[in-house]
$ cat query_37.cif   # mmCIF, N, CA, C and O atoms
data_model
loop_
_atom_site.label_atom_id
_atom_site.label_comp_id
_atom_site.auth_asym_id
_atom_site.auth_seq_id
_atom_site.Cartn_x
_atom_site.Cartn_y
_atom_site.Cartn_z
N MET A 1 114.33 85.26 120.71
CA MET A 1 113.25 84.68 119.92
C MET A 1 112.14 85.72 119.77
O MET A 1 111.68 86.30 120.73
N TYR A 2 111.70 85.95 118.54
CA TYR A 2 110.62 86.91 118.26
C TYR A 2 109.29 86.28 118.59
O TYR A 2 109.00 85.15 118.22
N GLN A 3 108.46 87.01 119.28
CA GLN A 3 107.12 86.54 119.60
C GLN A 3 106.12 87.59 119.15
O GLN A 3 106.20 88.75 119.54
N ASP A 4 105.17 87.17 118.30
CA ASP A 4 104.14 88.08 117.82
C ASP A 4 103.19 88.40 118.96
O ASP A 4 102.70 87.51 119.64
N LYS A 5 102.94 89.67 119.19
CA LYS A 5 102.08 90.10 120.29
C LYS A 5 100.63 90.27 119.88
O LYS A 5 99.80 90.62 120.69
N THR A 6 100.31 90.01 118.61
CA THR A 6 98.95 90.12 118.12
C THR A 6 98.34 88.73 118.01
O THR A 6 98.94 87.82 117.46
N SER A 7 97.13 88.56 118.56
CA SER A 7 96.48 87.25 118.53
C SER A 7 94.97 87.41 118.39
O SER A 7 94.44 88.53 118.42
N ASN A 8 94.28 86.31 118.24
CA ASN A 8 92.82 86.27 118.17
C ASN A 8 92.26 87.22 117.10
O ASN A 8 91.27 87.91 117.33
N ILE A 9 92.88 87.25 115.94
CA ILE A 9 92.42 88.12 114.86
C ILE A 9 91.17 87.51 114.23
O ILE A 9 91.18 86.36 113.80
N THR A 10 90.09 88.28 114.22
CA THR A 10 88.85 87.82 113.60
C THR A 10 88.30 88.90 112.67
O THR A 10 88.39 90.08 112.97
N LEU A 11 87.74 88.45 111.57
CA LEU A 11 87.06 89.36 110.64
C LEU A 11 85.63 89.49 111.13
O LEU A 11 84.86 88.53 111.09
N GLN A 12 85.28 90.66 111.63
CA GLN A 12 83.92 90.90 112.15
C GLN A 12 82.93 91.09 111.02
O GLN A 12 81.83 90.56 111.05
N SER A 13 83.32 91.89 110.01
CA SER A 13 82.42 92.12 108.88
C SER A 13 83.22 92.63 107.68
O SER A 13 84.34 93.13 107.82
N ILE A 14 82.61 92.48 106.52
CA ILE A 14 83.19 93.02 105.29
C ILE A 14 82.03 93.39 104.37
O ILE A 14 81.03 92.68 104.30
N ASP A 15 82.16 94.54 103.73
CA ASP A 15 81.20 94.94 102.71
C ASP A 15 81.97 95.62 101.60
O ASP A 15 83.20 95.59 101.59
N GLU A 16 81.28 96.24 100.67
CA GLU A 16 81.95 96.84 99.52
C GLU A 16 82.82 98.05 99.88
O GLU A 16 83.68 98.44 99.10
N CYS A 17 82.64 98.61 101.07
CA CYS A 17 83.39 99.82 101.46
C CYS A 17 84.46 99.59 102.53
O CYS A 17 85.44 100.33 102.57
N LYS A 18 84.27 98.59 103.38
CA LYS A 18 85.21 98.44 104.50
C LYS A 18 85.26 97.02 105.04
O LYS A 18 84.34 96.23 104.86
N MET A 19 86.39 96.73 105.73
CA MET A 19 86.58 95.48 106.45
C MET A 19 86.79 95.85 107.92
O MET A 19 87.48 96.82 108.22
N VAL A 20 86.18 95.09 108.84
CA VAL A 20 86.31 95.35 110.27
C VAL A 20 86.91 94.11 110.93
O VAL A 20 86.36 93.01 110.83
N PHE A 21 88.08 94.31 111.57
CA PHE A 21 88.78 93.24 112.26
C PHE A 21 88.83 93.53 113.75
O PHE A 21 88.99 94.68 114.16
N ASN A 22 88.72 92.49 114.56
CA ASN A 22 88.97 92.58 116.00
C ASN A 22 90.21 91.75 116.30
O ASN A 22 90.42 90.71 115.67
N TYR A 23 91.02 92.20 117.26
CA TYR A 23 92.21 91.43 117.64
C TYR A 23 92.64 91.79 119.05
O TYR A 23 92.21 92.79 119.62
N THR A 24 93.49 90.95 119.60
CA THR A 24 94.05 91.15 120.93
C THR A 24 95.53 91.48 120.77
O THR A 24 96.23 90.86 119.97
N TYR A 25 95.99 92.48 121.51
CA TYR A 25 97.40 92.84 121.48
C TYR A 25 97.99 92.67 122.87
O TYR A 25 97.39 93.07 123.87
N ASN A 26 99.15 92.09 122.93
CA ASN A 26 99.89 91.91 124.18
C ASN A 26 99.10 91.08 125.21
O ASN A 26 99.21 91.29 126.41
N GLY A 27 98.25 90.19 124.71
CA GLY A 27 97.53 89.26 125.57
C GLY A 27 96.29 89.80 126.26
O GLY A 27 95.45 89.03 126.71
N THR A 28 96.13 91.13 126.37
CA THR A 28 95.00 91.66 127.12
C THR A 28 94.26 92.81 126.44
O THR A 28 93.08 93.00 126.69
N LYS A 29 94.93 93.59 125.64
CA LYS A 29 94.31 94.78 125.06
C LYS A 29 93.50 94.41 123.82
O LYS A 29 94.00 93.78 122.89
N GLN A 30 92.22 94.81 123.82
CA GLN A 30 91.31 94.52 122.71
C GLN A 30 91.29 95.70 121.74
O GLN A 30 91.12 96.85 122.16
N TYR A 31 91.44 95.40 120.47
CA TYR A 31 91.47 96.43 119.43
C TYR A 31 90.48 96.11 118.33
O TYR A 31 90.10 94.95 118.14
N GLN A 32 90.10 97.16 117.60
CA GLN A 32 89.32 97.00 116.39
C GLN A 32 89.98 97.84 115.31
O GLN A 32 90.36 98.99 115.54
N GLN A 33 90.15 97.25 114.14
CA GLN A 33 90.72 97.98 113.01
C GLN A 33 89.70 97.98 111.88
O GLN A 33 89.15 96.94 111.53
N ILE A 34 89.42 99.20 111.36
CA ILE A 34 88.49 99.37 110.25
C ILE A 34 89.31 99.81 109.04
O ILE A 34 89.97 100.87 109.09
N LEU A 35 89.28 99.00 108.00
CA LEU A 35 90.09 99.26 106.81
C LEU A 35 89.20 99.42 105.58
O LEU A 35 88.44 98.50 105.25
N PRO A 36 89.29 100.56 104.91
CA PRO A 36 88.55 100.72 103.66
C PRO A 36 89.01 99.70 102.61
O PRO A 36 90.17 99.27 102.62
N THR A 37 88.11 99.30 101.72
CA THR A 37 88.49 98.38 100.65
C THR A 37 89.24 99.11 99.54
O THR A 37 89.92 98.47 98.74
N ALA A 38 89.16 100.44 99.50
CA ALA A 38 89.81 101.23 98.46
C ALA A 38 91.30 101.42 98.78
O ALA A 38 91.76 102.51 99.10
N ILE A 39 92.06 100.33 98.69
CA ILE A 39 93.49 100.39 98.97
C ILE A 39 94.23 100.95 97.76
O ILE A 39 93.75 100.86 96.63
N THR A 40 95.42 101.52 98.00
CA THR A 40 96.29 101.88 96.88
C THR A 40 97.21 100.72 96.54
O THR A 40 97.71 100.63 95.44
N GLY A 41 97.43 99.83 97.52
CA GLY A 41 98.26 98.66 97.28
C GLY A 41 98.59 97.94 98.57
O GLY A 41 98.04 98.25 99.63
N ILE A 42 99.50 96.98 98.46
CA ILE A 42 100.02 96.26 99.61
C ILE A 42 101.52 96.45 99.58
O ILE A 42 102.18 96.10 98.59
N ASN A 43 102.08 97.02 100.65
CA ASN A 43 103.50 97.37 100.64
C ASN A 43 104.39 96.16 100.93
O ASN A 43 103.91 95.04 101.15
N ASN A 44 105.71 96.37 100.92
CA ASN A 44 106.67 95.29 101.14
C ASN A 44 106.60 94.72 102.55
O ASN A 44 107.12 93.65 102.81
N ASP A 45 105.96 95.45 103.46
CA ASP A 45 105.79 95.00 104.84
C ASP A 45 104.45 94.28 105.02
O ASP A 45 104.01 94.04 106.14
N ASP A 46 103.78 93.96 103.90
CA ASP A 46 102.52 93.21 103.87
C ASP A 46 101.34 93.97 104.46
O ASP A 46 100.36 93.37 104.89
N ARG A 47 101.39 95.28 104.50
CA ARG A 47 100.30 96.10 105.03
C ARG A 47 99.53 96.75 103.88
O ARG A 47 100.11 97.13 102.87
N PHE A 48 98.21 96.89 104.07
CA PHE A 48 97.41 97.62 103.09
C PHE A 48 97.78 99.09 103.17
O PHE A 48 97.91 99.64 104.26
N THR A 49 97.92 99.75 102.03
CA THR A 49 98.26 101.17 102.01
C THR A 49 97.13 101.97 101.37
O THR A 49 96.37 101.46 100.54
N TYR A 50 97.06 103.25 101.79
CA TYR A 50 95.98 104.15 101.36
C TYR A 50 96.58 105.49 100.95
O TYR A 50 97.67 105.85 101.37
N SER A 51 95.81 106.27 100.18
CA SER A 51 96.27 107.58 99.73
C SER A 51 96.05 108.67 100.79
O SER A 51 96.49 109.79 100.61
N ALA A 52 95.35 108.33 101.87
CA ALA A 52 95.10 109.29 102.96
C ALA A 52 95.07 108.51 104.28
O ALA A 52 95.11 107.28 104.29
N GLN A 53 95.00 109.23 105.38
CA GLN A 53 94.97 108.59 106.70
C GLN A 53 93.54 108.15 107.01
O GLN A 53 92.80 108.83 107.70
N VAL A 54 93.18 106.97 106.50
CA VAL A 54 91.82 106.46 106.63
C VAL A 54 91.73 105.11 107.34
O VAL A 54 90.64 104.64 107.64
N ALA A 55 92.87 104.48 107.59
CA ALA A 55 92.87 103.19 108.30
C ALA A 55 92.72 103.47 109.79
O ALA A 55 93.55 104.13 110.40
N SER A 56 91.63 103.00 110.38
CA SER A 56 91.30 103.27 111.78
C SER A 56 91.73 102.10 112.66
O SER A 56 91.44 100.95 112.37
N ASP A 57 92.42 102.42 113.75
CA ASP A 57 92.82 101.42 114.74
C ASP A 57 92.41 101.96 116.10
O ASP A 57 92.76 103.09 116.45
N GLN A 58 91.65 101.17 116.85
CA GLN A 58 91.11 101.68 118.11
C GLN A 58 91.19 100.63 119.21
O GLN A 58 90.66 99.54 119.09
N GLU A 59 91.86 101.02 120.31
CA GLU A 59 91.86 100.17 121.49
C GLU A 59 90.52 100.35 122.19
O GLU A 59 89.98 101.46 122.24
N GLN A 60 89.97 99.26 122.71
CA GLN A 60 88.66 99.31 123.36
C GLN A 60 88.66 100.38 124.46
O GLN A 60 89.54 100.43 125.31
N GLY A 61 87.66 101.26 124.40
CA GLY A 61 87.51 102.32 125.40
C GLY A 61 88.35 103.55 125.15
O GLY A 61 88.32 104.48 125.95
N LYS A 62 89.09 103.59 124.06
CA LYS A 62 89.93 104.75 123.75
C LYS A 62 89.57 105.31 122.39
O LYS A 62 88.82 104.71 121.63
N GLU A 63 90.13 106.47 122.09
CA GLU A 63 89.87 107.13 120.81
C GLU A 63 90.64 106.46 119.68
O GLU A 63 91.76 105.99 119.87
N ALA A 64 90.04 106.41 118.51
CA ALA A 64 90.67 105.79 117.34
C ALA A 64 91.83 106.64 116.83
O ALA A 64 91.82 107.86 116.96
N THR A 65 92.82 105.97 116.27
CA THR A 65 93.91 106.65 115.57
C THR A 65 93.80 106.27 114.10
O THR A 65 93.28 105.20 113.75
N PHE A 66 94.29 107.14 113.23
CA PHE A 66 94.19 106.92 111.79
C PHE A 66 95.57 106.98 111.16
O PHE A 66 96.41 107.78 111.58
N SER A 67 95.78 106.15 110.15
CA SER A 67 97.05 106.17 109.43
C SER A 67 96.81 105.83 107.97
O SER A 67 95.71 105.47 107.57
N SER A 68 97.87 105.93 107.18
CA SER A 68 97.77 105.65 105.75
C SER A 68 98.15 104.19 105.43
O SER A 68 98.31 103.83 104.27
N SER A 69 98.29 103.36 106.47
CA SER A 69 98.50 101.92 106.26
C SER A 69 97.86 101.15 107.39
O SER A 69 97.62 101.68 108.47
N SER A 70 97.60 99.89 107.15
CA SER A 70 96.98 99.05 108.17
C SER A 70 98.00 98.64 109.22
O SER A 70 99.19 98.58 108.95
N TYR A 71 97.52 98.36 110.42
CA TYR A 71 98.38 97.81 111.46
C TYR A 71 98.57 96.31 111.20
O TYR A 71 99.67 95.79 111.28
N LEU A 72 97.48 95.63 110.91
CA LEU A 72 97.53 94.20 110.64
C LEU A 72 98.20 93.94 109.30
O LEU A 72 98.09 94.74 108.37
N LYS A 73 98.89 92.80 109.21
CA LYS A 73 99.61 92.44 107.99
C LYS A 73 98.94 91.25 107.30
O LYS A 73 98.33 90.41 107.96
N LEU A 74 99.09 91.20 106.00
CA LEU A 74 98.62 90.08 105.21
C LEU A 74 99.74 89.05 105.15
O LEU A 74 100.84 89.36 104.69
N GLY A 75 99.51 87.85 105.63
CA GLY A 75 100.54 86.81 105.60
C GLY A 75 100.69 86.22 104.21
O GLY A 75 99.75 86.14 103.45
N GLU A 76 101.89 85.80 103.89
CA GLU A 76 102.20 85.20 102.58
C GLU A 76 102.10 83.68 102.72
O GLU A 76 103.10 82.99 102.84
N ARG A 77 100.88 83.18 102.74
CA ARG A 77 100.67 81.74 102.94
C ARG A 77 100.36 81.00 101.65
O ARG A 77 100.39 79.79 101.62
N GLU A 78 100.01 81.74 100.63
CA GLU A 78 99.72 81.14 99.34
C GLU A 78 100.50 81.89 98.27
O GLU A 78 100.77 83.09 98.42
N GLU A 79 100.82 81.21 97.22
CA GLU A 79 101.56 81.83 96.13
C GLU A 79 100.75 82.97 95.53
O GLU A 79 99.54 82.83 95.30
N ASN A 80 101.38 84.11 95.34
CA ASN A 80 100.78 85.27 94.69
C ASN A 80 99.57 85.85 95.45
O ASN A 80 98.72 86.50 94.85
N ILE A 81 99.47 85.61 96.75
CA ILE A 81 98.31 86.05 97.52
C ILE A 81 98.19 87.58 97.56
O ILE A 81 97.09 88.11 97.49
N LYS A 82 99.31 88.28 97.65
CA LYS A 82 99.24 89.75 97.71
C LYS A 82 98.58 90.33 96.47
O LYS A 82 97.70 91.17 96.56
N ALA A 83 99.02 89.88 95.31
CA ALA A 83 98.46 90.39 94.06
C ALA A 83 96.98 90.04 93.93
O ALA A 83 96.17 90.86 93.48
N ARG A 84 96.60 88.84 94.34
CA ARG A 84 95.21 88.42 94.25
C ARG A 84 94.31 89.20 95.20
O ARG A 84 93.21 89.62 94.82
N VAL A 85 94.77 89.39 96.44
CA VAL A 85 93.97 90.16 97.41
C VAL A 85 93.86 91.62 96.97
O VAL A 85 92.78 92.21 97.04
N GLU A 86 94.97 92.20 96.51
CA GLU A 86 94.93 93.59 96.04
C GLU A 86 93.93 93.75 94.90
O GLU A 86 93.10 94.66 94.92
N LYS A 87 93.96 92.87 93.94
CA LYS A 87 93.03 92.93 92.80
C LYS A 87 91.58 92.79 93.28
O LYS A 87 90.70 93.54 92.85
N ALA A 88 91.34 91.85 94.19
CA ALA A 88 89.98 91.61 94.69
C ALA A 88 89.45 92.82 95.46
O ALA A 88 88.29 93.22 95.28
N LEU A 89 90.28 93.42 96.33
CA LEU A 89 89.83 94.57 97.11
C LEU A 89 89.56 95.78 96.22
O LEU A 89 88.58 96.50 96.42
N LYS A 90 90.43 96.01 95.25
CA LYS A 90 90.21 97.14 94.34
C LYS A 90 88.93 96.95 93.54
O LYS A 90 88.19 97.90 93.31
N HIS A 91 88.63 95.72 93.15
CA HIS A 91 87.38 95.45 92.44
C HIS A 91 86.18 95.64 93.37
O HIS A 91 85.19 96.27 92.99
N LEU A 92 86.27 95.11 94.59
CA LEU A 92 85.18 95.26 95.56
C LEU A 92 84.89 96.74 95.83
O LEU A 92 83.73 97.14 95.93
N ALA A 93 85.94 97.55 95.92
CA ALA A 93 85.77 98.98 96.20
C ALA A 93 84.99 99.71 95.11
O ALA A 93 84.37 100.73 95.37
N THR A 94 84.97 99.17 93.90
CA THR A 94 84.23 99.83 92.82
C THR A 94 82.72 99.79 93.08
O THR A 94 81.97 100.55 92.48
N PHE A 95 82.27 98.91 93.96
CA PHE A 95 80.85 98.81 94.30
C PHE A 95 80.45 99.70 95.47
O PHE A 95 79.27 99.80 95.80
N CYS A 96 81.43 100.34 96.11
CA CYS A 96 81.15 101.23 97.23
C CYS A 96 80.51 102.52 96.69
O CYS A 96 81.07 103.17 95.80
N PRO A 97 79.34 102.90 97.22
CA PRO A 97 78.69 104.12 96.73
C PRO A 97 79.58 105.35 96.94
O PRO A 97 80.21 105.50 97.99
N LYS A 98 79.63 106.18 95.94
CA LYS A 98 80.41 107.42 96.02
C LYS A 98 79.64 108.44 96.84
O LYS A 98 78.42 108.54 96.73
N LYS A 99 80.35 109.21 97.66
CA LYS A 99 79.70 110.24 98.48
C LYS A 99 79.29 111.40 97.58
O LYS A 99 80.04 111.83 96.71
N GLN A 100 78.09 111.90 97.81
CA GLN A 100 77.59 113.04 97.06
C GLN A 100 78.16 114.33 97.59
O GLN A 100 78.09 114.60 98.79
N GLU A 101 78.76 115.12 96.73
CA GLU A 101 79.28 116.44 97.09
C GLU A 101 78.16 117.46 96.92
O GLU A 101 77.44 117.42 95.93
N THR A 102 78.00 118.36 97.88
CA THR A 102 77.00 119.40 97.74
C THR A 102 77.69 120.75 97.57
O THR A 102 78.52 121.15 98.35
N PHE A 103 77.33 121.41 96.48
CA PHE A 103 77.91 122.73 96.18
C PHE A 103 76.82 123.70 95.85
O PHE A 103 75.84 123.46 95.30
#
$ encode --input "query_37.cif" --output "structure tokens"
Amino acid sequence: MYQDKTSNITLQSIDECKMVFNYTYNGTKQYQQILPTAITGINNDDRFTYSAQVASDQEQGKEATFSSSSYLKLGEREENIKARVEKALKHLATFCPKKQETF
């Protein structure tokens, strides 16, 4: 029997640039995942994907790791939810201020 080891997932904050989630893994380990809103899409494994290693996952008290996809998955609980969430996040990301390049 498969048992999901991720629990207590909470959305700590969301703004035009990023989403911050807290969760428990394996019953005791506390993690925080910071996901930019500028996703490239949602893959077949229900994870947010990015064009670079910008998805941050950090166990409490340890150094963050970065990848090009989220650790947490988007559940398919509503019809067409992936397409709707992807569209909403891409729109939200358009409000994120662009970083100024200095040359």
$ residues_around --input "query_37.cif" --residues "stretch 22-35 of chain A" --least-positions-apart "3" --cutoff "6 Å" --atoms "only C-alpha atoms" --output "list in words"
Lys5, Thr6, Ser7, Asn8, Ile9, Thr10, Lys18, Met19, Ala55, Ser56, Asp57, Gln58, Glu59 and Gln60 of chain A
$ closest_residue --input "query_37.cif" --among "A:Phe66, A:Ala83, A:Tyr71, A:Gly61" --to "A:Arg47" --atoms "all atoms listed in the file"
A:Tyr71
$ select_by_dssp --input "query_37.cif" --residues "stretch 12-88 of chain A" --states "strand (DSSP E or B)" --output "PyMOL selection string"
chain A and resi 12-14+18-25+29-36+41-42+47-49+55-59+65-67+69-73
$ write_last_selection --input "query_37.cif" --atoms "N, CA, C and O atoms" --output "short mmCIF file (atom, residue, chain, number, x, y, z; two decimals), keeping the file's coordinate frame"
data_model
loop_
_atom_site.label_atom_id
_atom_site.label_comp_id
_atom_site.auth_asym_id
_atom_site.auth_seq_id
_atom_site.Cartn_x
_atom_site.Cartn_y
_atom_site.Cartn_z
N GLN A 12 85.28 90.66 111.63
CA GLN A 12 83.92 90.90 112.15
C GLN A 12 82.93 91.09 111.02
O GLN A 12 81.83 90.56 111.05
N SER A 13 83.32 91.89 110.01
CA SER A 13 82.42 92.12 108.88
C SER A 13 83.22 92.63 107.68
O SER A 13 84.34 93.13 107.82
N ILE A 14 82.61 92.48 106.52
CA ILE A 14 83.19 93.02 105.29
C ILE A 14 82.03 93.39 104.37
O ILE A 14 81.03 92.68 104.30
N LYS A 18 84.27 98.59 103.38
CA LYS A 18 85.21 98.44 104.50
C LYS A 18 85.26 97.02 105.04
O LYS A 18 84.34 96.23 104.86
N MET A 19 86.39 96.73 105.73
CA MET A 19 86.58 95.48 106.45
C MET A 19 86.79 95.85 107.92
O MET A 19 87.48 96.82 108.22
N VAL A 20 86.18 95.09 108.84
CA VAL A 20 86.31 95.35 110.27
C VAL A 20 86.91 94.11 110.93
O VAL A 20 86.36 93.01 110.83
N PHE A 21 88.08 94.31 111.57
CA PHE A 21 88.78 93.24 112.26
C PHE A 21 88.83 93.53 113.75
O PHE A 21 88.99 94.68 114.16
N ASN A 22 88.72 92.49 114.56
CA ASN A 22 88.97 92.58 116.00
C ASN A 22 90.21 91.75 116.30
O ASN A 22 90.42 90.71 115.67
N TYR A 23 91.02 92.20 117.26
CA TYR A 23 92.21 91.43 117.64
C TYR A 23 92.64 91.79 119.05
O TYR A 23 92.21 92.79 119.62
N THR A 24 93.49 90.95 119.60
CA THR A 24 94.05 91.15 120.93
C THR A 24 95.53 91.48 120.77
O THR A 24 96.23 90.86 119.97
N TYR A 25 95.99 92.48 121.51
CA TYR A 25 97.40 92.84 121.48
C TYR A 25 97.99 92.67 122.87
O TYR A 25 97.39 93.07 123.87
N LYS A 29 94.93 93.59 125.64
CA LYS A 29 94.31 94.78 125.06
C LYS A 29 93.50 94.41 123.82
O LYS A 29 94.00 93.78 122.89
N GLN A 30 92.22 94.81 123.82
CA GLN A 30 91.31 94.52 122.71
C GLN A 30 91.29 95.70 121.74
O GLN A 30 91.12 96.85 122.16
N TYR A 31 91.44 95.40 120.47
CA TYR A 31 91.47 96.43 119.43
C TYR A 31 90.48 96.11 118.33
O TYR A 31 90.10 94.95 118.14
N GLN A 32 90.10 97.16 117.60
CA GLN A 32 89.32 97.00 116.39
C GLN A 32 89.98 97.84 115.31
O GLN A 32 90.36 98.99 115.54
N GLN A 33 90.15 97.25 114.14
CA GLN A 33 90.72 97.98 113.01
C GLN A 33 89.70 97.98 111.88
O GLN A 33 89.15 96.94 111.53
N ILE A 34 89.42 99.20 111.36
CA ILE A 34 88.49 99.37 110.25
C ILE A 34 89.31 99.81 109.04
O ILE A 34 89.97 100.87 109.09
N LEU A 35 89.28 99.00 108.00
CA LEU A 35 90.09 99.26 106.81
C LEU A 35 89.20 99.42 105.58
O LEU A 35 88.44 98.50 105.25
N PRO A 36 89.29 100.56 104.91
CA PRO A 36 88.55 100.72 103.66
C PRO A 36 89.01 99.70 102.61
O PRO A 36 90.17 99.27 102.62
N GLY A 41 97.43 99.83 97.52
CA GLY A 41 98.26 98.66 97.28
C GLY A 41 98.59 97.94 98.57
O GLY A 41 98.04 98.25 99.63
N ILE A 42 99.50 96.98 98.46
CA ILE A 42 100.02 96.26 99.61
C ILE A 42 101.52 96.45 99.58
O ILE A 42 102.18 96.10 98.59
N ARG A 47 101.39 95.28 104.50
CA ARG A 47 100.30 96.10 105.03
C ARG A 47 99.53 96.75 103.88
O ARG A 47 100.11 97.13 102.87
N PHE A 48 98.21 96.89 104.07
CA PHE A 48 97.41 97.62 103.09
C PHE A 48 97.78 99.09 103.17
O PHE A 48 97.91 99.64 104.26
N THR A 49 97.92 99.75 102.03
CA THR A 49 98.26 101.17 102.01
C THR A 49 97.13 101.97 101.37
O THR A 49 96.37 101.46 100.54
N ALA A 55 92.87 104.48 107.59
CA ALA A 55 92.87 103.19 108.30
C ALA A 55 92.72 103.47 109.79
O ALA A 55 93.55 104.13 110.40
N SER A 56 91.63 103.00 110.38
CA SER A 56 91.30 103.27 111.78
C SER A 56 91.73 102.10 112.66
O SER A 56 91.44 100.95 112.37
N ASP A 57 92.42 102.42 113.75
CA ASP A 57 92.82 101.42 114.74
C ASP A 57 92.41 101.96 116.10
O ASP A 57 92.76 103.09 116.45
N GLN A 58 91.65 101.17 116.85
CA GLN A 58 91.11 101.68 118.11
C GLN A 58 91.19 100.63 119.21
O GLN A 58 90.66 99.54 119.09
N GLU A 59 91.86 101.02 120.31
CA GLU A 59 91.86 100.17 121.49
C GLU A 59 90.52 100.35 122.19
O GLU A 59 89.98 101.46 122.24
N THR A 65 92.82 105.97 116.27
CA THR A 65 93.91 106.65 115.57
C THR A 65 93.80 106.27 114.10
O THR A 65 93.28 105.20 113.75
N PHE A 66 94.29 107.14 113.23
CA PHE A 66 94.19 106.92 111.79
C PHE A 66 95.57 106.98 111.16
O PHE A 66 96.41 107.78 111.58
N SER A 67 95.78 106.15 110.15
CA SER A 67 97.05 106.17 109.43
C SER A 67 96.81 105.83 107.97
O SER A 67 95.71 105.47 107.57
N SER A 69 98.29 103.36 106.47
CA SER A 69 98.50 101.92 106.26
C SER A 69 97.86 101.15 107.39
O SER A 69 97.62 101.68 108.47
N SER A 70 97.60 99.89 107.15
CA SER A 70 96.98 99.05 108.17
C SER A 70 98.00 98.64 109.22
O SER A 70 99.19 98.58 108.95
N TYR A 71 97.52 98.36 110.42
CA TYR A 71 98.38 97.81 111.46
C TYR A 71 98.57 96.31 111.20
O TYR A 71 99.67 95.79 111.28
N LEU A 72 97.48 95.63 110.91
CA LEU A 72 97.53 94.20 110.64
C LEU A 72 98.20 93.94 109.30
O LEU A 72 98.09 94.74 108.37
N LYS A 73 98.89 92.80 109.21
CA LYS A 73 99.61 92.44 107.99
C LYS A 73 98.94 91.25 107.30
O LYS A 73 98.33 90.41 107.96
#
$ resolve_selection --input "query_37.cif" --expression "the PyMOL selection byres ((chain A and resi 39) around 7)" --output "MDAnalysis selection string"
chainID A and resid 36:38 40:42 48:51 86 89:90 93
$ select_by_dssp --input "query_37.cif" --residues "chain A" --states "alpha helix (DSSP H)" --output "list in words"
Ile81, Lys82, Ala83, Arg84, Val85, Glu86, Lys87, Ala88, Leu89, Lys90, His91, Leu92 and Ala93 of chain A
$ atom_distance --input "query_37.cif" --atom1 "atom O of A:Asp45" --atom2 "atom CA of A:Ser69"
9.6 Å
$ atom_distance --input "query_37.cif" --atom1 "atom CA of A:Glu16" --atom2 "atom CA of A:Leu74"
18.9 Å
$ atom_distance --input "query_37.cif" --atom1 "atom O of A:Lys82" --atom2 "atom O of A:Cys17"
16.4 Å
